[in-house]
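Visitor: Enclosed is the structure file target.cif (mmCIF, C-alpha atoms).
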```cif
data_work
#
loop_
_atom_site.label_atom_id
_atom_site.label_comp_id
_atom_site.auth_asym_id
_atom_site.auth_seq_id
_atom_site.Cartn_x
_atom_site.Cartn_y
_atom_site.Cartn_z
CA MET A 1 -26.96 32.32 4.83
CA ASN A 2 -24.70 30.62 7.37
CA ASP A 3 -21.97 32.69 8.98
CA VAL A 4 -18.88 31.72 6.97
CA ASN A 5 -15.87 33.53 5.59
CA LEU A 6 -15.81 32.68 1.87
CA ILE A 7 -12.28 34.00 1.37
CA GLU A 8 -10.98 31.57 3.99
CA ILE A 9 -12.95 28.74 2.36
CA TYR A 10 -11.47 29.54 -1.07
CA ILE A 11 -7.94 29.74 0.33
CA ALA A 12 -8.30 26.39 2.09
CA ASP A 13 -9.65 24.67 -1.04
CA MET A 14 -7.01 26.23 -3.28
CA LEU A 15 -4.36 25.09 -0.83
CA GLY A 16 -5.71 21.54 -1.07
CA ILE A 17 -5.53 21.64 -4.88
CA PHE A 18 -2.06 23.21 -4.92
CA LEU A 19 -0.72 20.64 -2.42
CA ILE A 20 -1.92 17.60 -4.33
CA LEU A 21 -0.88 18.98 -7.73
CA GLY A 22 2.45 20.15 -6.33
CA ALA A 23 3.17 16.64 -5.07
CA VAL A 24 2.51 15.25 -8.54
CA PHE A 25 4.33 17.83 -10.65
CA SER A 26 7.31 18.07 -8.30
CA GLY A 27 7.97 14.38 -8.89
CA ALA A 28 6.97 13.22 -5.40
CA TRP A 29 4.99 10.55 -7.20
CA LYS A 30 4.99 9.54 -10.83
CA LEU A 31 2.97 7.08 -12.86
CA GLN A 32 6.01 4.94 -13.61
CA LYS A 33 4.77 1.40 -13.03
CA LYS A 34 1.19 2.11 -14.15
CA ASN A 35 -0.04 -0.62 -11.83
CA ASN A 36 -3.19 -0.77 -9.73
CA GLU A 37 -1.54 1.10 -6.87
CA ASP A 38 -0.67 4.00 -9.17
CA LYS A 39 -4.23 4.02 -10.55
CA VAL A 40 -5.62 4.35 -7.02
CA LEU A 41 -3.28 7.27 -6.31
CA LEU A 42 -4.34 8.93 -9.57
CA GLY A 43 -7.96 8.46 -8.53
CA VAL A 44 -7.23 10.20 -5.23
CA VAL A 45 -5.60 13.16 -7.00
CA ILE A 46 -8.68 13.61 -9.21
CA LEU A 47 -11.01 13.12 -6.24
CA VAL A 48 -9.27 15.78 -4.13
CA ILE A 49 -9.39 18.34 -6.95
CA VAL A 50 -13.10 17.68 -7.69
CA ALA A 51 -14.01 17.78 -3.99
CA CYS A 52 -12.14 21.04 -3.37
CA VAL A 53 -13.98 22.70 -6.26
CA ALA A 54 -17.33 21.29 -5.05
CA ASP A 55 -16.59 22.49 -1.51
CA ALA A 56 -15.99 26.06 -2.72
CA VAL A 57 -19.17 25.98 -4.81
CA SER A 58 -21.21 24.57 -1.90
CA PHE A 59 -20.22 27.39 0.47
CA THR A 60 -20.63 30.03 -2.27
CA VAL A 61 -24.26 29.16 -3.12
CA ASP A 62 -25.30 28.44 0.47
CA GLY A 63 -28.18 30.78 1.44
CA ARG A 64 -28.54 32.34 -2.02
CA PRO A 65 -32.18 32.37 -3.22
CA GLY A 66 -33.36 30.88 -6.49
CA ASP A 67 -33.80 27.48 -8.13
CA PHE A 68 -30.44 27.70 -9.91
CA TYR A 69 -28.52 28.09 -6.65
CA LYS A 70 -30.64 25.39 -5.03
CA ALA A 71 -29.71 22.96 -7.81
CA LEU A 72 -26.04 23.90 -7.51
CA SER A 73 -26.23 23.39 -3.76
CA TYR A 74 -27.70 19.89 -4.09
CA ILE A 75 -25.19 18.92 -6.80
CA SER A 76 -22.11 20.23 -4.96
CA ASP A 77 -23.18 18.78 -1.59
CA ASN A 78 -23.86 15.36 -3.09
CA ILE A 79 -20.49 15.41 -4.86
CA LEU A 80 -18.85 16.18 -1.52
CA PHE A 81 -20.64 13.36 0.27
CA LEU A 82 -19.84 10.90 -2.54
CA SER A 83 -16.20 11.99 -2.36
CA ASN A 84 -16.19 11.45 1.40
CA VAL A 85 -17.57 7.94 0.82
CA ALA A 86 -14.94 7.17 -1.84
CA ILE A 87 -11.86 8.29 0.12
CA GLY A 88 -12.16 5.40 2.61
CA PRO A 89 -12.17 2.60 -0.01
CA PHE A 90 -9.33 4.35 -1.84
CA TRP A 91 -7.28 4.29 1.37
CA VAL A 92 -8.09 0.66 2.21
CA THR A 93 -7.38 -0.45 -1.37
CA LEU A 94 -4.10 1.47 -1.51
CA ILE A 95 -2.74 0.05 1.73
CA SER A 96 -3.90 -3.50 0.83
CA LEU A 97 -2.20 -3.35 -2.56
CA HIS A 98 1.00 -1.89 -1.15
CA ILE A 99 1.31 -4.23 1.81
CA ASN A 100 -0.36 -7.44 0.59
CA GLY A 101 -0.41 -7.07 -3.20
CA SER A 102 -4.20 -7.47 -3.41
CA VAL A 103 -7.48 -6.68 -1.68
CA SER A 104 -8.98 -9.65 0.15
CA LYS A 105 -12.51 -10.87 -0.52
CA PHE A 106 -13.48 -10.01 3.07
CA GLN A 107 -12.26 -6.42 2.66
CA ARG A 108 -14.15 -6.01 -0.63
CA ILE A 109 -17.36 -7.22 1.03
CA PHE A 110 -16.76 -5.08 4.12
CA MET A 111 -16.11 -1.91 2.08
CA SER A 112 -19.05 -2.59 -0.24
CA SER A 113 -21.41 -3.07 2.71
CA ILE A 114 -20.48 0.21 4.40
CA CYS A 115 -20.40 2.22 1.16
CA GLY A 116 -23.67 0.63 0.01
CA PHE A 117 -25.37 1.60 3.27
CA ILE A 118 -24.14 5.19 3.00
CA LEU A 119 -25.30 5.40 -0.62
CA VAL A 120 -28.75 4.16 0.41
CA LEU A 121 -28.84 6.93 3.02
CA MET A 122 -27.95 9.45 0.33
CA VAL A 123 -30.76 8.24 -1.92
CA VAL A 124 -33.24 8.35 0.97
CA ASN A 125 -31.98 11.86 1.75
CA PHE A 126 -33.66 13.17 -1.41
CA PHE A 127 -37.04 12.30 0.10
CA ASN A 128 -36.31 12.46 3.81
CA PRO A 129 -33.38 14.72 4.82
CA LEU A 130 -31.50 12.32 7.11
CA ILE A 131 -27.98 13.50 6.23
CA PHE A 132 -28.48 17.10 5.16
CA ALA A 133 -31.26 19.46 4.10
CA ILE A 134 -31.55 22.57 1.95
CA ASP A 135 -34.33 24.74 3.39
CA GLU A 136 -36.63 27.21 1.64
CA ASN A 137 -33.90 29.86 1.91
CA ASN A 138 -31.37 27.51 0.29
CA CYS A 139 -29.46 27.23 3.56
CA TYR A 140 -27.62 23.98 4.25
CA THR A 141 -28.30 22.21 7.56
CA ARG A 142 -27.04 18.89 8.86
CA GLY A 143 -29.52 16.06 9.33
CA PRO A 144 -29.95 13.68 12.28
CA TRP A 145 -27.89 10.92 10.60
CA PHE A 146 -25.02 13.19 9.61
CA MET A 147 -22.77 11.91 12.40
CA VAL A 148 -23.68 8.28 11.59
CA LYS A 149 -22.40 8.74 8.04
CA ASN A 150 -19.20 10.34 9.32
CA LEU A 151 -18.60 7.55 11.83
CA LEU A 152 -18.99 4.92 9.09
CA GLU A 153 -16.41 6.78 6.99
CA ILE A 154 -14.07 6.86 10.00
CA VAL A 155 -14.55 3.08 10.32
CA LEU A 156 -13.22 2.68 6.77
CA MET A 157 -10.17 4.81 7.58
CA ALA A 158 -9.58 2.77 10.74
CA ASP A 159 -9.91 -0.42 8.68
CA GLY A 160 -6.86 0.61 6.63
CA VAL A 161 -4.83 1.13 9.80
CA ILE A 162 -5.94 -2.28 11.12
CA ILE A 163 -4.86 -3.96 7.86
CA TYR A 164 -1.43 -2.38 8.27
CA LEU A 165 -1.09 -3.40 11.92
CA ILE A 166 -2.11 -7.01 11.20
CA SER A 167 0.35 -7.22 8.30
CA ARG A 168 3.12 -5.71 10.40
CA TYR A 169 2.44 -8.22 13.18
CA ARG A 170 2.44 -11.19 10.79
CA SER A 171 5.65 -10.06 9.13
CA GLY A 172 7.36 -9.46 12.47
CA GLY A 173 7.64 -5.73 11.88
CA THR A 174 9.58 -6.10 8.63
CA LYS A 175 7.00 -4.20 6.60
CA PHE A 176 6.51 -0.48 6.99
CA TYR A 177 4.07 2.02 5.55
CA PRO A 178 3.52 5.74 6.24
CA VAL A 179 0.23 5.23 8.09
CA LEU A 180 0.58 7.98 10.70
CA GLN A 181 1.79 10.54 8.15
CA PHE A 182 -1.45 9.98 6.27
CA VAL A 183 -3.98 9.54 9.08
CA TRP A 184 -3.19 12.30 11.57
CA PRO A 185 -3.82 15.38 9.36
CA ILE A 186 -7.09 13.89 8.09
CA PHE A 187 -8.27 12.98 11.60
CA VAL A 188 -7.52 16.46 12.96
CA CYS A 189 -9.13 18.27 10.02
CA VAL A 190 -12.23 16.05 9.97
CA CYS A 191 -12.77 16.66 13.70
CA LEU A 192 -12.40 20.42 13.24
CA GLN A 193 -15.00 20.64 10.47
CA MET A 194 -17.28 18.10 12.14
CA PHE A 195 -17.64 20.16 15.31
CA TYR A 196 -17.19 23.67 13.91
CA TYR A 197 -19.41 24.34 10.91
CA GLY A 198 -18.34 27.27 8.78
CA ILE A 199 -14.71 26.24 8.31
CA SER A 200 -13.38 24.08 5.47
CA THR A 201 -10.62 21.73 6.59
CA ILE A 202 -11.53 18.18 5.52
CA TRP A 203 -10.21 18.25 1.98
CA VAL A 204 -7.12 20.26 2.72
CA GLY A 205 -6.43 17.67 5.44
CA ILE A 206 -6.88 14.85 2.93
CA ALA A 207 -4.60 16.69 0.49
CA VAL A 208 -1.94 17.05 3.22
CA GLY A 209 -2.31 13.37 4.14
CA TYR A 210 -1.94 12.11 0.60
CA THR A 211 0.91 14.52 -0.12
CA ASN A 212 2.73 13.10 2.90
CA LEU A 213 1.91 9.62 1.65
CA MET A 214 3.30 10.26 -1.84
CA LEU A 215 6.48 11.79 -0.44
CA ALA A 216 6.94 8.80 1.86
CA LEU A 217 6.36 6.37 -1.01
CA GLN A 218 8.93 8.23 -3.08
CA ASN A 219 11.43 7.97 -0.22
CA GLU A 220 10.61 4.28 0.08
CA ASN A 221 11.92 3.81 -3.47
CA ILE A 222 15.41 4.07 -1.96
CA PHE A 223 14.78 0.61 -0.52
CA ILE A 224 13.19 -0.89 -3.65
CA ASP A 225 15.06 -2.89 -6.30
CA LYS A 226 14.08 -1.47 -9.69
CA LEU A 227 14.18 -4.75 -11.64
CA THR A 228 12.23 -7.05 -9.34
CA GLY A 229 10.22 -4.60 -7.22
CA LEU A 230 11.52 -6.36 -4.09
CA TYR A 231 13.30 -4.66 -1.23
CA ASN A 232 17.05 -4.16 -1.75
CA ARG A 233 19.96 -4.80 0.63
CA TYR A 234 19.70 -1.28 2.11
CA TYR A 235 16.31 -2.32 3.43
CA LEU A 236 18.03 -5.00 5.50
CA VAL A 237 19.94 -2.22 7.25
CA LYS A 238 16.69 -0.31 7.70
CA ILE A 239 14.97 -3.16 9.57
CA SER A 240 17.99 -4.35 11.54
CA GLY A 241 16.80 -2.39 14.57
CA VAL A 242 13.41 -4.11 14.43
CA LEU A 243 15.06 -7.52 14.13
CA LYS A 244 17.18 -6.85 17.21
CA GLN A 245 13.99 -6.55 19.26
CA LYS A 246 13.04 -10.15 18.50
CA ASN A 247 14.35 -13.23 20.26
CA LYS A 248 14.65 -15.52 17.26
CA ILE A 249 14.23 -15.07 13.52
CA THR A 250 14.46 -17.25 10.43
CA MET A 251 16.66 -16.02 7.61
CA MET A 252 17.22 -17.60 4.21
CA MET A 253 19.65 -16.93 1.41
CA LEU A 254 18.68 -18.12 -2.03
CA ASP A 255 20.69 -18.28 -5.25
CA LEU A 256 19.36 -18.97 -8.75
CA ASN A 257 20.98 -22.11 -10.19
CA GLY A 258 22.46 -21.80 -13.67
CA PHE A 259 21.95 -18.05 -13.89
CA LYS A 260 25.20 -17.59 -15.83
CA ASP A 261 24.00 -20.13 -18.39
CA ILE A 262 20.73 -18.25 -18.86
CA ASN A 263 22.56 -14.97 -19.51
CA ASP A 264 25.17 -16.59 -21.80
CA ASN A 265 22.72 -18.67 -23.84
CA TYR A 266 19.71 -16.34 -24.09
CA GLY A 267 20.94 -12.83 -23.26
CA HIS A 268 20.64 -10.55 -20.29
CA SER A 269 17.02 -9.58 -21.04
CA VAL A 270 15.99 -13.20 -20.57
CA GLY A 271 18.17 -13.30 -17.44
CA ASP A 272 16.30 -10.27 -16.12
CA ASP A 273 13.02 -12.01 -16.86
CA ALA A 274 14.20 -15.06 -14.88
CA LEU A 275 15.06 -12.85 -11.89
CA ALA A 276 11.70 -11.09 -12.07
CA SER A 277 9.89 -14.44 -12.28
CA LEU A 278 11.79 -15.77 -9.29
CA ALA A 279 11.02 -12.60 -7.33
CA GLU A 280 7.30 -12.98 -8.04
CA ILE A 281 7.35 -16.60 -6.88
CA LEU A 282 9.16 -15.69 -3.66
CA GLU A 283 6.72 -12.88 -2.87
CA LYS A 284 3.71 -15.14 -3.40
CA THR A 285 5.30 -17.85 -1.26
CA VAL A 286 6.29 -15.64 1.65
CA GLU A 287 3.23 -13.33 1.48
CA GLN A 288 2.69 -11.62 4.86
CA LYS A 289 4.98 -13.92 6.83
CA GLY A 290 8.08 -11.80 6.24
CA ALA A 291 10.08 -9.81 3.69
CA VAL A 292 11.89 -10.79 0.49
CA ILE A 293 15.05 -8.89 -0.40
CA ARG A 294 17.15 -8.92 -3.56
CA TYR A 295 20.54 -8.97 -1.91
CA ALA A 296 22.89 -8.92 -4.92
CA GLY A 297 22.73 -10.19 -8.49
CA ASP A 298 20.82 -13.48 -8.38
CA GLU A 299 21.02 -13.77 -4.58
CA PHE A 300 17.94 -13.18 -2.46
CA VAL A 301 17.47 -12.96 1.31
CA ILE A 302 14.21 -13.84 3.06
CA VAL A 303 13.43 -12.70 6.60
CA LEU A 304 10.63 -14.78 8.11
CA ASN A 305 8.62 -14.09 11.23
CA GLU A 306 9.16 -17.70 12.35
CA ASP A 307 11.20 -19.11 15.21
CA ASN A 308 11.22 -22.87 14.57
CA GLU A 309 13.03 -25.16 12.14
CA ASN A 310 9.87 -26.94 10.96
CA SER A 311 8.31 -23.73 9.64
CA ALA A 312 11.58 -22.74 7.98
CA GLU A 313 11.89 -26.16 6.32
CA ALA A 314 8.25 -25.96 5.17
CA CYS A 315 8.91 -22.56 3.58
CA LYS A 316 12.00 -23.88 1.81
CA ASN A 317 10.07 -26.86 0.42
CA LEU A 318 7.19 -24.63 -0.67
CA ILE A 319 9.57 -22.37 -2.58
CA LYS A 320 10.99 -25.36 -4.46
CA GLU A 321 7.48 -26.72 -5.14
CA ASN A 322 6.39 -23.35 -6.53
CA LEU A 323 9.49 -23.21 -8.75
CA ASP A 324 8.66 -26.67 -10.15
CA GLU A 325 5.06 -25.61 -10.72
CA PHE A 326 6.26 -22.48 -12.55
CA ASN A 327 8.46 -24.56 -14.86
CA LYS A 328 5.55 -26.85 -15.73
CA LYS A 329 3.06 -24.05 -16.24
CA HIS A 330 5.23 -21.56 -18.15
CA LYS A 331 7.10 -22.64 -21.25
CA LYS A 332 10.14 -20.43 -20.79
CA LYS A 333 13.53 -20.83 -22.42
CA TYR A 334 14.95 -21.44 -18.96
CA GLN A 335 14.14 -23.65 -15.99
CA LEU A 336 14.03 -22.05 -12.55
CA SER A 337 15.69 -23.77 -9.62
CA ALA A 338 17.37 -22.40 -6.54
CA SER A 339 19.83 -23.33 -3.83
CA ILE A 340 18.70 -22.31 -0.36
CA GLY A 341 20.52 -21.91 2.93
CA TYR A 342 18.55 -21.09 6.04
CA GLY A 343 18.51 -21.20 9.80
CA VAL A 344 16.74 -20.03 12.94
CA PHE A 345 18.94 -17.64 14.86
CA ASP A 346 18.96 -15.96 18.25
CA ILE A 347 19.38 -12.36 17.13
CA SER A 348 20.58 -11.28 20.58
CA LYS A 349 23.64 -13.52 20.27
CA CYS A 350 24.74 -12.75 16.72
CA SER A 351 24.68 -9.87 14.26
CA VAL A 352 22.84 -9.75 10.94
CA ASP A 353 26.20 -9.93 9.14
CA GLN A 354 27.11 -13.11 11.02
CA ILE A 355 23.76 -14.64 10.08
CA LEU A 356 24.28 -13.72 6.42
CA LYS A 357 27.69 -15.40 6.39
CA GLU A 358 26.24 -18.56 7.93
CA ILE A 359 23.25 -18.89 5.58
CA ASP A 360 25.52 -18.07 2.63
CA LYS A 361 27.70 -21.02 3.61
CA ARG A 362 24.65 -23.28 3.94
CA MET A 363 23.33 -22.08 0.59
CA TYR A 364 26.54 -23.11 -1.17
CA GLU A 365 26.36 -26.50 0.53
CA ASP A 366 22.90 -26.88 -1.01
CA LYS A 367 24.27 -25.69 -4.36
CA ARG A 368 27.07 -28.27 -4.29
CA ALA A 369 24.49 -30.98 -3.60
CA TYR A 370 22.37 -29.71 -6.51
CA TYR A 371 25.24 -29.79 -9.00
CA ALA A 372 26.37 -33.19 -7.75
CA ALA A 373 22.85 -34.56 -8.27
CA THR A 374 22.48 -33.02 -11.73
CA ARG A 375 26.10 -33.81 -12.73
CA HIS A 376 26.89 -30.21 -13.65
CA ASP A 377 30.17 -28.51 -12.97
CA ARG A 378 29.32 -25.81 -10.42
CA ARG A 379 32.54 -23.92 -11.27
CA VAL A 380 31.08 -23.25 -14.72
CA HIS A 381 27.35 -23.16 -14.04
CA VAL A 382 26.83 -20.55 -11.35
#
```
Would you mind writing the file out in structure tokens?
Guide:
Amino acid sequence: MNDVNLIEIYIADMLGIFLILGAVFSGAWKLQKKNNEDKVLLGVVILVIVACVADAVSFTVDGRPGDFYKALSYISDNILFLSNVAIGPFWVTLISLHINGSVSKFQRIFMSSICGFILVLMVVNFFNPLIFAIDENNCYTRGPWFMVKNLLEIVLMADGVIIYLISRYRSGGTKFYPVLQFVWPIFVCVCLQMFYYGISTIWVGIAVGYTNLMLALQNENIFIDKLTGLYNRYYLVKISGVLKQKNKITMMMLDLNGFKDINDNYGHSVGDDALASLAEILEKTVEQKGAVIRYAGDEFVIVLNEDNENSAEACKNLIKENLDEFNKKHKKKYQLSASIGYGVFDISKCSVDQILKEIDKRMYEDKRAYYAATRHDRRVHV
């Protein structure tokens, strides 16, 4: 039997379970939206609990003679290795959904290739102990490809960080995510257990990382508009420091035309639906190029990582094209259209408030042109 302290192992695994359950039951994260992101987080919670139990079982039966203990050892060790394989794709999927709204085809292929290779190694391990072996005394030993498997799992974790960094670069730093809070405890704990067999730190590290992540996501809700799921105006204050570091930025202010009519004629629930539909269109249009903010009521602000008028004009036209396409595709009671004011500004020479005043003025110039073209009275239809 390997020289381990079972009491320390049990305490570490119990701590992992208590941390992840405490984060859930304390309200750090709740299944409120029941979307794909929440499902991934729920999967992580279940995975951590199962892995912590399997880890305790694996150390308990290690070195105990008999076929029963040998079977338990193989089962618990394989569960642990499968859990280690799964945590990387969970992380990549979670960060992709949160930052980009979906997982790209390239990322799905990349994750599948690495996980598929590791799973092949695990199957081969039953016949040729490449990853781990259980000897005649039922003692666990690491195989020659153990470090290869670990390095591939680290690649998946690094992939999630790279996705975040690319998205942050494309958005001009206007998107944030608690990457370091998640990664550092896992990295430290994986290194400890990788180089010092006999201690159990991986899964408590993962539990700490995901607990930090859930707390950070809960705090992020302060900056999220509950109706549309977009960032709110407090977020604009949050990123003002980042914007000051740039030379030029593009900012847009957008107002939903005829919003009062929608509320008066069809009720506020339909009005809410119109705002949610508009928010979805704006997010799909902007994607990773910036951030969309619900500023107030039916007013939205877009911060683009662009510094030229042509790109700004192209974005404005694309928004209007997507609104027209929505109206043709969806038979709603209302028709979506928007007035847009925008500009490219030298952030070192003016404040965010000054920019907002300027694009607000330009937006109302666009609105006056819209009502003049459609022969509506803008004093009534706003």
Visitor: Translate the PyMOL selection byres ((chain A and resi 132-149) around 8) into a concrete residue list for this structure, as a list in words.
Guide: Met1, Asn2, Asp62, Gly63, Arg64, Pro65, Gly66, Tyr69, Lys70, Ser73, Tyr74, Ile118, Asn125, Pro129, Leu130, Ile131, Asn150, Leu151, Leu152 and Glu153 of chain A
Visitor: Find the distance between atom CA of Tyr295 of chain A and atom CA of Val344 of chain A and write it in Å to one decimal.
Guide: 18.9 Å
Visitor: On this structure, which residues satisfy the PyMOL selection byres ((chain A and resi 352-365) around 6), written as a list of chain:residue names?
Guide: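 That selection, the PyMOL selection byres ((chain A and resi 352-365) around 6), comes back as A:Met253, A:Ser339, A:Ile340, A:Gly341, A:Tyr342, A:Ser351, A:Asp366, A:Lys367, A:Arg368.
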Visitor: Have a look at atom CA of Gly343 of chain A and atom CA of Asn317 of chain A and let me know their distance in Å, one decimal.
Guide: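 Pair atom CA of Gly343 of chain A / atom CA of Asn317 of chain A returns 13.8 Å.
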Visitor: State, in Å with one decimal place, the distance from atom CA of Tyr164 of chain A to atom CA of Leu21 of chain A.
Guide: 26.7 Å
Visitor: Apply the PyMOL selection byres ((chain A and resi 44) around 12) to the displayed file and report the matching residues as number ranges by chain.
Guide: A: 17, 20-21, 24, 37-43, 45-51, 83-84, 86-91, 93-94, 203, 206-207, 209-211, 213-214
Visitor: Missing atoms in segment 271-282 of chain A should be modelled up to N, CA and C atoms and reported as a short mmCIF file (atom, residue, chain, number, x, y, z; two decimals), in the coordinates of the input.
Guide:
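The result, written out as part.cif:
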```
data_model
loop_
_atom_site.label_atom_id
_atom_site.label_comp_id
_atom_site.auth_asym_id
_atom_site.auth_seq_id
_atom_site.Cartn_x
_atom_site.Cartn_y
_atom_site.Cartn_z
N GLY A 271 17.69 -13.17 -18.82
CA GLY A 271 18.17 -13.30 -17.44
C GLY A 271 17.39 -12.41 -16.49
N ASP A 272 17.11 -11.18 -16.93
CA ASP A 272 16.30 -10.27 -16.12
C ASP A 272 14.90 -10.82 -15.90
N ASP A 273 14.35 -11.42 -16.96
CA ASP A 273 13.02 -12.01 -16.86
C ASP A 273 13.02 -13.16 -15.85
N ALA A 274 14.09 -13.95 -15.84
CA ALA A 274 14.20 -15.06 -14.88
C ALA A 274 14.24 -14.53 -13.45
N LEU A 275 14.99 -13.45 -13.23
CA LEU A 275 15.06 -12.85 -11.89
C LEU A 275 13.70 -12.30 -11.46
N ALA A 276 13.01 -11.65 -12.39
CA ALA A 276 11.70 -11.09 -12.07
C ALA A 276 10.70 -12.20 -11.77
N SER A 277 10.79 -13.30 -12.53
CA SER A 277 9.89 -14.44 -12.28
C SER A 277 10.16 -15.06 -10.92
N LEU A 278 11.43 -15.22 -10.59
CA LEU A 278 11.79 -15.77 -9.29
C LEU A 278 11.31 -14.86 -8.16
N ALA A 279 11.47 -13.56 -8.34
CA ALA A 279 11.02 -12.60 -7.33
C ALA A 279 9.52 -12.72 -7.09
N GLU A 280 8.76 -12.85 -8.16
CA GLU A 280 7.30 -12.98 -8.04
C GLU A 280 6.92 -14.25 -7.28
N ILE A 281 7.61 -15.33 -7.57
CA ILE A 281 7.35 -16.60 -6.88
C ILE A 281 7.65 -16.47 -5.39
N LEU A 282 8.78 -15.84 -5.06
CA LEU A 282 9.16 -15.69 -3.66
C LEU A 282 8.16 -14.82 -2.90
#
```
